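Accompanying notes for the structure given below.
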Amino acid sequence: MRGKSAPKSVDEYLAGLPEPARSTLKHIRAVIRSVVPKESTEVISYRIPMFKYNGMLVGYAAFKNHCSLFPTGSGVLDQFEKDLKGYRTSKGTIQFPCDKPLPDALVKKIVKARVKENKEWD
């Protein structure tokens, strides 16, 4: 969601969201945290929360009518095309309802694929 000023931290970003987007994205954040390497960091980039590990891994954000997951890799969306049936996707983003997070197993598979991609760049 676009605010007056860019959030300085992920917690500040999440605190500024209305429900149900806040709870949904807190859940997505926890799922991502459960599978990223310990050395990963969380940052705000392009005004949204992002996880970094050997470069950007994945981001997430809330918008007026949906939430999005941004797997920043090259072919991740193609790799999970079947799993993403029923979700609106475009280059580099997966959209889902603010009140219905993506399935945990799917988020974990996407994040693990991104970690693998970034390790290969190491």
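In the structure tokens, each chain is lettered A, B, ... as it comes, each chain's residues begin at 1, and ligands are numbered from 1 in order of appearance.
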
Residues of segment 77-121 of chain A that have any atom at most 10 Å from an atom of segment 37-51 of chain A: could you tabulate them with the shortest-distance atom pair and the distance in Å to one decimal, using only C-alpha atoms, ordered by chain and increasing number, as JSON lines?
```
{"residue": "A:Val111", "atom": "CA", "partner": "A:Phe51", "partner_atom": "CA", "distance": 9.7}
{"residue": "A:Lys112", "atom": "CA", "partner": "A:Pro37", "partner_atom": "CA", "distance": 9.5}
{"residue": "A:Val115", "atom": "CA", "partner": "A:Pro37", "partner_atom": "CA", "distance": 8.0}
```

Store the residues picked out above in a file with all heavy atoms, as a short mmCIF file (atom, residue, chain, number, x, y, z; two decimals), in the first residue's frame.
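Heads up, here's the output in part-v3.cif:
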```
data_model
loop_
_atom_site.label_atom_id
_atom_site.label_comp_id
_atom_site.auth_asym_id
_atom_site.auth_seq_id
_atom_site.Cartn_x
_atom_site.Cartn_y
_atom_site.Cartn_z
N VAL A 111 10.16 -20.43 -2.36
CA VAL A 111 11.31 -19.84 -1.66
C VAL A 111 12.53 -20.76 -1.76
O VAL A 111 13.65 -20.30 -2.03
CB VAL A 111 10.98 -19.50 -0.19
CG1 VAL A 111 12.21 -19.06 0.57
CG2 VAL A 111 9.88 -18.42 -0.14
N LYS A 112 12.33 -22.05 -1.58
CA LYS A 112 13.45 -22.99 -1.69
C LYS A 112 14.05 -22.96 -3.10
O LYS A 112 15.27 -23.04 -3.26
CB LYS A 112 13.00 -24.41 -1.33
CG LYS A 112 12.80 -24.60 0.16
CD LYS A 112 12.27 -26.00 0.47
CE LYS A 112 12.01 -26.17 1.95
NZ LYS A 112 11.43 -27.49 2.25
N VAL A 115 16.16 -19.81 -3.28
CA VAL A 115 17.42 -19.98 -2.53
C VAL A 115 18.40 -20.78 -3.39
O VAL A 115 19.57 -20.42 -3.51
CB VAL A 115 17.17 -20.67 -1.16
CG1 VAL A 115 18.49 -21.11 -0.53
CG2 VAL A 115 16.40 -19.74 -0.22
#
```

- request: Give the helix (DSSP H, G or I) residues of segment 39-121 of chain A, as assigned by DSSP on the backbone, as a VMD selection string.
  value: chain A and resid 76 to 79 104 to 121

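Distances to Thr72 of chain A were evaluated for A:Pro103, A:Gly55, A:Gly16, A:Gly86 using only C-alpha atoms, and the minimum falls at A:Gly55.
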
message: DSSP on the backbone: which residues in chain A end up as strand (DSSP E or B)? Give the answer as a ChimeraX atom specification.
response: /A:41-45,48-52,56-62,67-71,88-90,93-96

- request: Using only C-alpha atoms, find the one residue out of A:Lys52, A:Ala105, A:Pro18, A:Lys85 that sits nearest to Asn65 of chain A.
  value: A:Pro18

task: Do a neighbour search on Gln95 of chain A at 6 Å with only C-alpha atoms, toss out local chain neighbours closer than 3 positions, and write the hits as a PyMOL selection string.
output: chain A and resi 67-68+88

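The gap separating atom CA of Glu19 of chain A from atom CA of Phe70 of chain A is 20.5 Å, in Å to one decimal.
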
field: Coordinates-based distance that separates atom CA of Phe96 of chain A from atom CA of Glu12 of chain A (Å, one decimal)
entry: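 It comes out at 22.0 Å.
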